[in-house]
file model_16.tsv (TSV, C-alpha atoms)
chain	number	residue	atom	x	y	z
P	1099	MET	CA	69.96	116.55	133.81
P	1100	SER	CA	70.33	116.78	137.55
P	1101	LYS	CA	67.30	117.80	139.56
P	1102	ARG	CA	69.35	119.99	141.90
P	1103	PRO	CA	68.50	123.64	141.24
P	1104	GLU	CA	72.01	124.60	142.35
P	1105	LEU	CA	73.41	122.93	139.23
P	1106	GLN	CA	71.08	124.63	136.80
P	1107	ALA	CA	71.63	128.36	137.24
P	1108	PRO	CA	72.81	130.92	139.82
P	1109	PRO	CA	70.16	131.62	142.49
P	1110	GLU	CA	69.22	135.08	141.24
P	1111	VAL	CA	68.55	133.59	137.80
P	1112	TYR	CA	66.99	130.28	138.89
P	1113	TYR	CA	64.50	132.00	141.17
P	1114	GLY	CA	63.02	134.21	138.48
P	1115	VAL	CA	59.43	135.47	138.57
P	1116	ASP	CA	57.89	132.13	137.55
P	1117	GLU	CA	59.96	129.96	139.86
P	1118	ALA	CA	59.42	132.38	142.77
P	1119	ARG	CA	55.66	132.15	142.35
P	1120	LYS	CA	55.69	128.38	141.90
P	1121	TYR	CA	57.90	127.97	144.95
P	1122	THR	CA	55.75	130.13	147.17
P	1123	GLN	CA	52.43	128.58	146.13
P	1124	ASN	CA	53.53	124.97	146.46
P	1125	THR	CA	51.85	123.65	149.61
P	1126	ARG	CA	54.50	121.00	150.11
P	1127	VAL	CA	57.30	123.57	149.96
P	1128	ILE	CA	55.39	125.79	152.39
P	1129	GLU	CA	54.90	122.92	154.82
P	1130	VAL	CA	58.52	121.78	154.67
P	1131	GLN	CA	59.83	125.33	155.09
P	1132	GLU	CA	57.53	125.92	158.04
P	1133	LYS	CA	58.67	122.74	159.77
P	1134	CYS	CA	62.34	123.51	159.13
P	1135	THR	CA	61.96	127.04	160.47
P	1136	GLU	CA	60.19	125.83	163.60
P	1137	ARG	CA	62.94	123.32	164.23
P	1138	ALA	CA	65.65	125.92	163.50
P	1139	LEU	CA	64.07	128.33	166.00
P	1140	GLU	CA	63.94	125.53	168.54
P	1141	LEU	CA	67.65	124.88	167.98
P	1142	LEU	CA	68.38	128.61	168.40
P	1143	ALA	CA	67.27	128.20	172.03
P	1144	LEU	CA	66.17	131.81	172.45
P	1145	PRO	CA	65.07	132.92	175.93
P	1146	ASP	CA	61.34	132.38	176.46
P	1147	ASP	CA	58.76	135.10	175.96
P	1148	THR	CA	61.03	137.81	174.65
P	1149	CYS	CA	60.86	139.37	171.24
P	1150	ALA	CA	64.25	138.79	169.66
P	1151	LEU	CA	65.82	140.41	166.60
P	1152	LEU	CA	66.79	137.71	164.11
P	1153	LEU	CA	68.59	137.65	160.79
P	1154	ASP	CA	67.14	135.44	158.03
P	1155	ILE	CA	69.94	134.54	155.62
P	1156	GLY	CA	68.47	133.76	152.21
P	1157	CYS	CA	64.94	134.73	153.27
P	1158	GLY	CA	63.49	134.23	149.78
P	1159	SER	CA	59.78	135.04	149.62
P	1160	GLY	CA	59.50	135.20	153.40
P	1161	LEU	CA	58.06	131.72	154.07
P	1162	SER	CA	60.52	131.21	156.92
P	1163	GLY	CA	59.97	134.81	158.01
P	1164	GLU	CA	56.28	134.22	158.52
P	1165	THR	CA	57.04	131.45	160.99
P	1166	ILE	CA	59.44	133.79	162.81
P	1167	THR	CA	56.71	136.44	163.00
P	1168	GLU	CA	54.20	133.88	164.28
P	1169	GLN	CA	56.55	133.04	167.11
P	1170	GLY	CA	56.69	136.71	168.05
P	1171	HIS	CA	60.12	137.77	166.87
P	1172	MET	CA	61.35	140.61	164.67
P	1173	TRP	CA	63.46	139.75	161.64
P	1174	VAL	CA	65.60	141.24	158.92
P	1175	GLY	CA	66.00	139.16	155.78
P	1176	MET	CA	68.49	139.16	152.94
P	1177	ASP	CA	68.28	137.40	149.60
P	1178	ILE	CA	69.91	137.61	146.18
P	1179	SER	CA	66.79	137.02	144.07
P	1180	PRO	CA	64.79	140.20	143.27
P	1181	ALA	CA	61.83	138.06	142.14
P	1182	MET	CA	61.66	136.22	145.47
P	1183	LEU	CA	61.80	139.53	147.36
P	1184	GLY	CA	59.09	140.87	145.07
P	1185	THR	CA	56.89	137.93	146.06
P	1186	ALA	CA	57.68	138.68	149.70
P	1187	LEU	CA	56.45	142.26	149.17
P	1188	GLU	CA	53.23	140.99	147.59
P	1189	ARG	CA	52.67	138.75	150.58
P	1190	GLU	CA	53.26	141.72	152.89
P	1191	VAL	CA	55.72	140.03	155.22
P	1192	ASP	CA	56.45	141.76	158.52
P	1193	GLY	CA	60.24	141.62	158.38
P	1194	ASP	CA	62.53	144.15	156.74
P	1195	ILE	CA	64.07	142.71	153.57
P	1196	MET	CA	67.04	143.66	151.43
P	1197	LEU	CA	68.73	142.55	148.25
P	1198	ALA	CA	72.19	141.25	149.05
P	1199	ASP	CA	74.60	138.44	148.20
P	1200	ILE	CA	75.33	136.38	151.32
P	1201	GLY	CA	78.66	135.37	149.77
P	1202	GLN	CA	79.72	139.02	150.08
P	1203	GLY	CA	79.13	138.88	153.82
P	1204	VAL	CA	76.36	140.27	156.01
P	1205	PRO	CA	76.53	144.07	156.01
P	1206	PHE	CA	75.72	144.79	159.65
P	1207	ARG	CA	77.33	146.41	162.67
P	1208	ALA	CA	78.86	144.22	165.37
P	1209	GLY	CA	76.73	142.48	167.98
P	1210	MET	CA	73.28	143.51	166.68
P	1211	PHE	CA	71.37	140.24	166.28
P	1212	ASP	CA	70.05	137.83	168.92
P	1213	GLY	CA	70.32	134.97	166.46
P	1214	ALA	CA	70.34	134.01	162.80
P	1215	ILE	CA	68.59	131.31	160.79
P	1216	SER	CA	68.98	130.18	157.23
P	1217	ILE	CA	66.62	127.72	155.59
P	1218	SER	CA	67.84	125.82	152.57
P	1219	ALA	CA	70.17	128.54	151.30
P	1220	VAL	CA	73.80	128.06	152.24
P	1221	GLN	CA	74.42	125.12	149.87
P	1222	TRP	CA	74.14	127.61	147.00
P	1223	LEU	CA	77.51	129.02	148.08
P	1224	CYS	CA	79.22	125.70	147.32
P	1225	TYR	CA	78.94	126.39	143.60
P	1226	ALA	CA	81.07	128.85	141.65
P	1227	ASP	CA	78.75	130.72	139.27
P	1228	THR	CA	81.40	132.99	137.81
P	1229	SER	CA	85.13	132.53	137.39
P	1230	ASN	CA	85.94	134.85	140.29
P	1231	HIS	CA	83.66	133.05	142.75
P	1232	LYS	CA	85.62	130.91	145.19
P	1233	PRO	CA	83.22	128.83	147.30
P	1234	ALA	CA	85.50	128.47	150.34
P	1235	LYS	CA	86.26	132.18	150.35
P	1236	ARG	CA	82.61	133.21	150.03
P	1237	LEU	CA	81.54	130.82	152.79
P	1238	TYR	CA	84.27	132.13	155.06
P	1239	LYS	CA	83.22	135.71	154.37
P	1240	LEU	CA	79.62	134.89	155.27
P	1241	PHE	CA	80.51	133.13	158.52
P	1242	MET	CA	83.12	135.72	159.52
P	1243	THR	CA	80.83	138.71	159.09
P	1244	LEU	CA	77.93	136.80	160.66
P	1245	PHE	CA	80.05	135.96	163.71
P	1246	ALA	CA	80.73	139.66	164.19
P	1247	SER	CA	77.12	140.78	163.81
P	1248	LEU	CA	75.73	138.31	166.37
P	1249	SER	CA	75.60	139.21	170.06
P	1250	ARG	CA	77.80	137.08	172.33
P	1251	GLY	CA	76.26	133.81	173.42
P	1252	SER	CA	73.75	133.76	170.58
P	1253	ARG	CA	73.44	131.08	167.92
P	1254	ALA	CA	73.01	130.68	164.20
P	1255	VAL	CA	71.20	127.70	162.68
P	1256	PHE	CA	71.62	126.77	159.02
P	1257	GLN	CA	69.37	124.12	157.52
P	1258	PHE	CA	70.82	123.03	154.19
P	1259	TYR	CA	70.78	120.35	151.51
P	1260	PRO	CA	74.33	119.25	150.73
P	1261	GLU	CA	74.96	117.42	147.48
P	1262	ASN	CA	77.70	115.26	148.99
P	1263	ASP	CA	79.90	114.85	152.06
P	1264	SER	CA	82.61	117.13	150.78
P	1265	GLN	CA	80.14	120.04	150.73
P	1266	VAL	CA	79.25	119.33	154.35
P	1267	GLU	CA	82.92	119.30	155.21
P	1268	LEU	CA	83.53	122.55	153.31
P	1269	ILE	CA	80.69	124.41	155.02
P	1270	VAL	CA	81.50	123.14	158.52
P	1271	SER	CA	85.22	123.80	158.21
P	1272	GLN	CA	84.70	127.40	157.05
P	1273	ALA	CA	82.27	128.04	159.93
P	1274	MET	CA	84.78	126.74	162.45
P	1275	ARG	CA	87.54	128.79	160.85
P	1276	ALA	CA	85.43	131.90	161.39
P	1277	GLY	CA	85.39	131.24	165.14
P	1278	PHE	CA	82.09	129.44	165.67
P	1279	THR	CA	81.76	126.34	167.80
P	1280	GLY	CA	79.04	123.74	167.36
P	1281	GLY	CA	78.34	121.22	164.64
P	1282	LEU	CA	75.79	119.21	162.75
P	1283	VAL	CA	72.42	118.05	164.04
P	1284	VAL	CA	70.77	115.48	161.78
P	1285	ASP	CA	67.03	114.89	162.14
P	1286	TYR	CA	65.53	111.57	161.01
P	1287	PRO	CA	68.88	110.22	159.76
P	1288	ASN	CA	67.30	106.93	158.66
P	1289	SER	CA	64.81	108.38	156.24
P	1290	SER	CA	65.96	109.68	152.88
P	1291	LYS	CA	62.97	112.01	152.54
P	1292	ALA	CA	62.50	113.40	156.04
P	1293	LYS	CA	66.21	113.65	156.79
P	1294	LYS	CA	67.22	117.24	157.52
P	1295	ILE	CA	70.67	118.56	158.26
P	1296	TYR	CA	71.12	121.55	160.57
P	1297	LEU	CA	74.39	123.29	161.24
P	1298	VAL	CA	74.12	124.72	164.75
P	1299	LEU	CA	76.73	127.41	165.35
P	1300	MET	CA	77.48	129.03	168.69
P	1301	THR	CA	79.39	132.19	169.50
P	1302	GLY	CA	81.45	131.48	172.59
P	1303	GLY	CA	80.14	129.86	175.73
P	1304	GLY	CA	78.42	127.17	173.78
P	1305	GLY	CA	77.29	124.14	175.67
P	1306	PRO	CA	76.42	120.69	174.45
P	1307	LEU	CA	75.07	120.26	170.94
P	1308	PRO	CA	71.38	119.36	170.89
P	1309	SER	CA	70.66	115.88	169.59
P	1310	GLY	CA	68.83	115.14	166.37
P	1311	LEU	CA	65.25	113.89	166.34
P	1312	GLN	CA	64.95	110.09	166.32
P	1313	GLY	CA	68.71	109.96	166.23
P	1314	ASP	CA	70.94	107.98	168.54
P	1315	GLY	CA	71.78	111.12	170.55
P	1316	GLY	CA	75.31	112.46	170.58
P	1317	ASN	CA	76.46	110.54	167.55
P	1318	ASN	CA	74.52	112.50	164.98
P	1319	ASN	CA	76.91	111.98	162.13
P	1320	GLN	CA	76.11	108.32	162.19
P	1321	ALA	CA	73.79	108.23	159.20
P	1322	LEU	CA	76.15	110.21	157.02
P	1323	TYR	CA	79.11	108.02	157.83
P	1324	GLN	CA	77.17	104.76	157.87
P	1325	ARG	CA	76.14	105.42	154.31
P	1326	ARG	CA	79.65	106.33	153.28
P	1327	GLU	CA	81.00	103.12	154.86
P	1328	ARG	CA	78.34	101.02	153.17
P	1329	MET	CA	79.04	102.52	149.77
P	1330	LYS	CA	82.73	101.84	150.26
P	1331	GLN	CA	82.02	98.22	151.09
P	1332	ILE	CA	79.70	97.76	148.16
P	1333	ARG	CA	82.28	99.25	145.81
P	1334	SER	CA	85.04	97.04	147.09
P	1335	GLY	CA	82.66	94.08	146.73
P	1336	ARG	CA	83.62	92.44	150.00
P	1337	GLN	CA	80.25	92.99	151.70
P	1338	PRO	CA	78.89	89.68	153.01
P	1339	LYS	CA	75.39	89.21	151.66
P	1340	ARG	CA	73.62	88.28	154.87
P	1341	ALA	CA	75.01	91.27	156.77
P	1342	TRP	CA	73.90	93.57	153.99
P	1343	ILE	CA	70.37	92.14	154.02
P	1344	MET	CA	70.19	92.46	157.81
P	1345	GLN	CA	71.31	96.07	157.61
P	1346	LYS	CA	68.71	96.86	154.98
P	1347	LYS	CA	65.97	95.18	157.00
P	1348	GLU	CA	66.99	97.11	160.09
P	1349	ARG	CA	66.90	100.34	158.15
P	1350	ARG	CA	63.41	99.68	156.84
P	1351	ARG	CA	62.25	98.74	160.32
P	1352	LYS	CA	63.48	102.09	161.61
P	1353	GLN	CA	61.47	103.78	158.87
P	1354	GLY	CA	58.41	102.01	160.20
P	1355	LYS	CA	57.91	99.75	157.18
P	1356	GLU	CA	56.66	96.18	157.29
P	1357	VAL	CA	59.63	93.81	157.40
P	1358	ARG	CA	59.73	90.00	157.64
P	1359	LEU	CA	61.14	88.58	160.86
P	1360	ASP	CA	64.80	87.63	160.98
P	1361	SER	CA	65.49	83.91	161.10
P	1362	LYS	CA	68.33	81.52	160.34
P	1363	TYR	CA	66.98	81.32	156.78
P	1364	SER	CA	67.28	85.06	156.16
P	1365	GLY	CA	69.63	85.76	153.26
P	1366	ARG	CA	70.10	82.10	152.36
P	1367	LYS	CA	69.87	80.80	148.84
P	1368	ARG	CA	66.85	78.74	147.86
P	1369	SER	CA	67.57	75.04	147.47
P	1370	ASP	CA	67.96	73.56	143.98
P	1371	LYS	CA	64.38	72.20	144.04
P	1372	PHE	CA	62.98	75.64	143.17
G	955	MET	CA	63.48	149.87	154.78
G	956	LYS	CA	62.90	150.62	158.43
G	957	LEU	CA	65.24	152.91	160.36
G	958	ILE	CA	66.10	150.10	162.80
G	959	THR	CA	67.72	148.34	159.84
G	960	HIS	CA	69.50	151.53	158.85
G	961	ASN	CA	70.91	151.72	162.36
G	962	MET	CA	72.65	148.37	161.80
G	963	LEU	CA	73.49	148.61	158.12
G	964	THR	CA	77.07	149.32	157.03
G	965	SER	CA	78.94	149.41	153.73
G	966	LYS	CA	82.06	147.77	155.12
G	967	GLY	CA	81.71	144.98	152.56
G	968	ILE	CA	83.33	147.34	150.04
G	969	LYS	CA	87.08	146.94	149.70
G	970	ASN	CA	89.10	149.42	151.83
G	971	VAL	CA	86.04	150.76	153.67
G	972	LYS	CA	86.79	150.69	157.39
G	973	GLU	CA	83.50	151.47	159.07
G	974	GLY	CA	81.01	152.43	156.39
G	975	PHE	CA	78.61	153.77	159.00
G	976	PRO	CA	76.23	155.54	159.20
G	977	LEU	CA	74.96	155.48	155.64
G	978	LYS	CA	73.46	158.71	154.43
G	979	ILE	CA	69.78	158.40	153.48
G	980	GLN	CA	68.32	160.23	150.56
G	981	ALA	CA	64.60	159.63	150.91
G	982	ASP	CA	62.34	160.30	147.94
G	983	GLU	CA	59.30	158.52	149.33
G	984	VAL	CA	58.55	157.68	152.95
G	985	LYS	CA	55.60	155.70	154.28
G	986	ASN	CA	54.15	155.22	157.76
G	987	VAL	CA	52.91	151.79	158.79
G	988	ASP	CA	51.20	150.63	161.96
G	989	ILE	CA	52.99	148.17	164.18
G	990	ASP	CA	52.04	147.08	167.70
G	991	PHE	CA	54.05	148.77	170.42
G	992	ASP	CA	56.29	146.31	172.25
G	993	ARG	CA	57.73	148.17	175.21
G	994	GLU	CA	60.18	145.46	176.19
G	995	PHE	CA	61.63	145.03	172.71
G	996	ILE	CA	62.27	148.75	172.30
G	997	SER	CA	63.92	149.14	175.70
G	998	ARG	CA	66.07	146.10	174.99
G	999	MET	CA	67.13	147.53	171.61
G	1000	ILE	CA	68.11	150.95	173.01
G	1001	PRO	CA	71.55	149.98	174.41
G	1002	LYS	CA	72.43	148.49	171.01
G	1003	LEU	CA	71.42	151.59	169.04
G	1004	ASP	CA	73.87	154.12	167.76
G	1005	TRP	CA	72.16	157.28	168.93
G	1006	ASN	CA	73.97	159.69	166.62
G	1007	ALA	CA	73.15	157.54	163.62
G	1008	LEU	CA	69.51	157.45	164.70
G	1009	THR	CA	69.10	161.22	165.01
G	1010	PHE	CA	70.98	161.59	161.71
G	1011	ALA	CA	68.63	159.13	159.99
G	1012	ALA	CA	65.55	160.74	161.51
G	1013	GLN	CA	66.75	164.07	160.19
G	1014	CYS	CA	67.37	162.61	156.70
G	1015	VAL	CA	63.81	161.30	156.39
G	1016	GLY	CA	62.24	164.41	157.96
G	1017	HIS	CA	60.95	162.69	161.09
G	1018	GLN	CA	63.08	164.44	163.66
G	1019	GLU	CA	60.13	164.50	166.12
G	1020	ASP	CA	62.15	166.38	168.78
G	1021	LEU	CA	64.42	163.45	169.64
G	1022	PRO	CA	66.93	164.50	172.31
G	1023	ASP	CA	70.52	164.93	171.09
G	1024	THR	CA	71.81	162.34	173.52
G	1025	LEU	CA	70.12	159.38	175.10
G	1026	PRO	CA	68.60	160.60	178.40
G	1027	GLU	CA	69.13	158.53	181.53
G	1028	GLY	CA	66.27	156.55	182.96
G	1029	TYR	CA	64.81	155.96	179.49
G	1030	GLU	CA	63.26	152.66	180.61
G	1031	ASN	CA	60.57	154.57	182.47
G	1032	ASP	CA	60.04	157.30	179.92
G	1033	ASP	CA	57.02	155.94	178.08
G	1034	ASP	CA	56.81	158.98	175.88
G	1035	LEU	CA	60.34	158.51	174.58
G	1036	LEU	CA	59.86	154.77	174.08
G	1037	LYS	CA	56.76	155.38	171.97
G	1038	LYS	CA	58.59	157.98	169.92
G	1039	LEU	CA	61.44	155.54	169.35
G	1040	HIS	CA	59.01	152.77	168.43
G	1041	HIS	CA	57.52	155.04	165.80
G	1042	ILE	CA	60.84	156.13	164.33
G	1043	LEU	CA	62.51	152.72	164.42
G	1044	LEU	CA	59.68	150.50	163.20
G	1045	GLU	CA	56.85	152.52	161.69
G	1046	VAL	CA	58.69	154.90	159.36
G	1047	GLU	CA	59.71	153.14	156.14
G	1048	VAL	CA	61.80	154.52	153.32
G	1049	ILE	CA	60.15	153.30	150.10
G	1050	ASN	CA	62.21	154.98	147.39
G	1051	GLY	CA	65.53	156.76	147.51
G	1052	CYS	CA	69.09	155.70	148.11
G	1053	LEU	CA	71.76	155.07	150.73
G	1054	GLU	CA	75.24	156.53	150.43
G	1055	CYS	CA	78.49	155.14	151.81
G	1056	PRO	CA	80.13	157.84	153.97
G	1057	GLU	CA	83.63	156.90	152.84
G	1058	THR	CA	83.38	156.11	149.13
G	1059	GLN	CA	80.09	157.87	148.26
G	1060	ARG	CA	78.98	154.64	146.60
G	1061	LYS	CA	75.18	154.76	146.25
G	1062	PHE	CA	72.84	151.87	147.10
G	1063	PRO	CA	69.40	152.42	145.54
G	1064	ILE	CA	66.23	151.70	147.52
G	1065	SER	CA	63.19	150.74	145.46
G	1066	ASN	CA	59.84	149.43	146.73
G	1067	GLY	CA	61.30	149.58	150.21
G	1068	ILE	CA	64.11	147.13	149.38
G	1069	PRO	CA	67.67	148.45	149.56
G	1070	ASN	CA	69.97	146.95	146.95
G	1071	MET	CA	73.21	146.12	148.79
G	1072	LEU	CA	74.71	144.02	145.98
G	1073	LEU	CA	78.33	144.83	145.26
G	1074	ASN	CA	80.16	144.41	141.96
G	1075	GLU	CA	82.91	141.81	141.95
G	1076	ASP	CA	85.62	144.47	141.66
G	1077	GLU	CA	84.35	146.23	144.81
G	1078	VAL	CA	84.64	143.21	147.10
call {"tool": "encode", "arguments": {"input": "model_16.tsv", "output": "structure tokens"}}
result
Amino acid sequence: MSKRPELQAPPEVYYGVDEARKYTQNTRVIEVQEKCTERALELLALPDDTCALLLDIGCGSGLSGETITEQGHMWVGMDISPAMLGTALEREVDGDIMLADIGQGVPFRAGMFDGAISISAVQWLCYADTSNHKPAKRLYKLFMTLFASLSRGSRAVFQFYPENDSQVELIVSQAMRAGFTGGLVVDYPNSSKAKKIYLVLMTGGGGPLPSGLQGDGGNNNQALYQRRERMKQIRSGRQPKRAWIMQKKERRRKQGKEVRLDSKYSGRKRSDKF
Amino acid sequence: MKLITHNMLTSKGIKNVKEGFPLKIQADEVKNVDIDFDREFISRMIPKLDWNALTFAAQCVGHQEDLPDTLPEGYENDDDLLKKLHHILLEVEVINGCLECPETQRKFPISNGIPNMLLNEDEV
């Protein structure tokens, strides 16, 4: 069975009491969430030294909210799992939380928030849990209502874990349809573990998209597409062996692993003597 | 639920609801919490607030605290008013009760301070 929680049960069922507690006590989860939230806040590019009002989409047990509070901002969170919100209450988070389905849109008046963040939540909308759920429609509803409830010139940053490229395409295209500008920022594209994908959305004005950490600047989709190209080549079987080995060595070098030097012998067959 | 959230919250997610604002509050249990006063945040929030909805909400939870009927001019320098607003917006929390859509009378229960804004599939 797949390890992806999205494939196992709808979010309000998957994050039951047990899973909510496990999730919130796991030090690795806490650390990852904290890092993602810090990076998301950085990408929001809020003005310095002012207390902003933020929306946390899929706030869960308030792990991301705590980082927002630490950085001196106010937040309102929404989540679909009552158990996660219950854990948030136990932990006495500072934000105001509510039970809501982000696929039904964000229920707020126009222009209220100075920004929005979402940590590891929006990929849940790519799955249809009941027969009347239509992923594209629910994503559009979220982005459309979010666009309205943000103040002009503010941003929304979604960190998410897509299962495949078509999910990335689905999410980005619905966000653009709702009127946002912006795009993907990929941090650590060469590492399968540390790689994080952020969708940075801007409401008008905009400006250049920030570049991903340790990326090649500007061309942040590189890792995604490089992998897709490589898989295509492997499938079609026309990949020259030496080039493939060189690519793999380069990749491991970028990850900081120990790699043998390249030479004219790299990728050659051993002679018959062996 | 804090009243600052109420001042933003609408029920326009329901099919055929145009504005869905302001939601009526029926408060069964209200709690006061302590939060540090941030003068700048409050004065920056004021232009975004819907004043009528705020006085209406304050009335619903029984914390009218002689708020003026309209927003007085020069509020940035009125420390007294800012403190009052800070209290009403951030420190008063509705713990149990419900919210009511002004157009459809659909009720959204609030329990443990968490409003349940989930809609049924046939309402979307």
call {"tool": "residues_around", "arguments": {"input": "model_16.tsv", "residues": "Leu957 (chain G)", "least_positions_apart": "5", "cutoff": "12 Å", "atoms": "only C-alpha atoms", "output": "ChimeraX atom specification"}}
result
/P:1174,1194 /G:962-963,976-979,981,984-986,1003-1005,1007-1015,1017,1039-1049,1053,1067,1069
call {"tool": "residues_near_point", "arguments": {"input": "model_16.tsv", "point": "(71.9, 134.6, 172.3)", "cutoff": "12 Å", "atoms": "all atoms listed in the file", "output": "number ranges by chain"}}
result
P: 1139, 1141-1146, 1148, 1150-1152, 1209-1214, 1245, 1247-1255, 1299-1304
call {"tool": "write_last_selection", "arguments": {"input": "model_16.tsv", "atoms": "C-alpha atoms", "output": "mmCIF file, in the frame of the given file"}}
result
data_model
loop_
_atom_site.group_PDB
_atom_site.id
_atom_site.type_symbol
_atom_site.label_atom_id
_atom_site.label_comp_id
_atom_site.auth_asym_id
_atom_site.auth_seq_id
_atom_site.Cartn_x
_atom_site.Cartn_y
_atom_site.Cartn_z
ATOM 1 C CA LEU P 1139 64.070 128.330 166.000
ATOM 2 C CA LEU P 1141 67.650 124.880 167.980
ATOM 3 C CA LEU P 1142 68.380 128.610 168.400
ATOM 4 C CA ALA P 1143 67.270 128.200 172.030
ATOM 5 C CA LEU P 1144 66.170 131.810 172.450
ATOM 6 C CA PRO P 1145 65.070 132.920 175.930
ATOM 7 C CA ASP P 1146 61.340 132.380 176.460
ATOM 8 C CA THR P 1148 61.030 137.810 174.650
ATOM 9 C CA ALA P 1150 64.250 138.790 169.660
ATOM 10 C CA LEU P 1151 65.820 140.410 166.600
ATOM 11 C CA LEU P 1152 66.790 137.710 164.110
ATOM 12 C CA GLY P 1209 76.730 142.480 167.980
ATOM 13 C CA MET P 1210 73.280 143.510 166.680
ATOM 14 C CA PHE P 1211 71.370 140.240 166.280
ATOM 15 C CA ASP P 1212 70.050 137.830 168.920
ATOM 16 C CA GLY P 1213 70.320 134.970 166.460
ATOM 17 C CA ALA P 1214 70.340 134.010 162.800
ATOM 18 C CA PHE P 1245 80.050 135.960 163.710
ATOM 19 C CA SER P 1247 77.120 140.780 163.810
ATOM 20 C CA LEU P 1248 75.730 138.310 166.370
ATOM 21 C CA SER P 1249 75.600 139.210 170.060
ATOM 22 C CA ARG P 1250 77.800 137.080 172.330
ATOM 23 C CA GLY P 1251 76.260 133.810 173.420
ATOM 24 C CA SER P 1252 73.750 133.760 170.580
ATOM 25 C CA ARG P 1253 73.440 131.080 167.920
ATOM 26 C CA ALA P 1254 73.010 130.680 164.200
ATOM 27 C CA VAL P 1255 71.200 127.700 162.680
ATOM 28 C CA LEU P 1299 76.730 127.410 165.350
ATOM 29 C CA MET P 1300 77.480 129.030 168.690
ATOM 30 C CA THR P 1301 79.390 132.190 169.500
ATOM 31 C CA GLY P 1302 81.450 131.480 172.590
ATOM 32 C CA GLY P 1303 80.140 129.860 175.730
ATOM 33 C CA GLY P 1304 78.420 127.170 173.780
#
call {"tool": "atom_distance", "arguments": {"input": "model_16.tsv", "atom1": "CA of Met999 (chain G)", "atom2": "CA of Ala1273 (chain P)"}}
result
27.3 Å
call {"tool": "interface_residues", "arguments": {"input": "model_16.tsv", "of": "chain G", "to": "chain P", "cutoff": "9 Å", "atoms": "only C-alpha atoms", "output": "MDAnalysis selection string"}}
result
chainID G and resid 955:956 959 961:967 973 975 992 994:995 999 1002:1003 1064 1066:1073 1075 1078
call {"tool": "residues_around", "arguments": {"input": "model_16.tsv", "residues": "Asp1034 (chain G)", "least_positions_apart": "2", "cutoff": "12 Å", "atoms": "only C-alpha atoms", "output": "list in words"}}
result
Phe991, Arg993, Glu1019, Asp1020, Leu1021, Tyr1029, Glu1030, Asn1031, Asp1032, Leu1036, Lys1037, Lys1038, Leu1039, His1040 and His1041 of chain G
call {"tool": "closest_residue", "arguments": {"input": "model_16.tsv", "among": "P:Leu1161, P:Lys1101, P:Glu1110, P:Pro1233", "to": "Glu1129 (chain P)", "atoms": "only C-alpha atoms"}}
result
P:Leu1161
call {"tool": "residues_around", "arguments": {"input": "model_16.tsv", "residues": "region 1350-1362 of chain P", "least_positions_apart": "3", "cutoff": "8 Å", "atoms": "only C-alpha atoms", "output": "PyMOL selection string"}}
result
chain P and resi 1288-1289+1344+1346-1347
call {"tool": "atom_distance", "arguments": {"input": "model_16.tsv", "atom1": "CA of Asp988 (chain G)", "atom2": "CA of Pro1022 (chain G)"}}
result
23.4 Å
call {"tool": "atom_distance", "arguments": {"input": "model_16.tsv", "atom1": "CA of Asn1006 (chain G)", "atom2": "CA of Ser1065 (chain G)"}}
result
25.4 Å
call {"tool": "residues_near_point", "arguments": {"input": "model_16.tsv", "point": "(52.6, 137.0, 161.6)", "cutoff": "12 Å", "atoms": "all atoms listed in the file", "output": "ChimeraX atom specification"}}
result
/P:1160-1173,1189-1193 /G:989-990
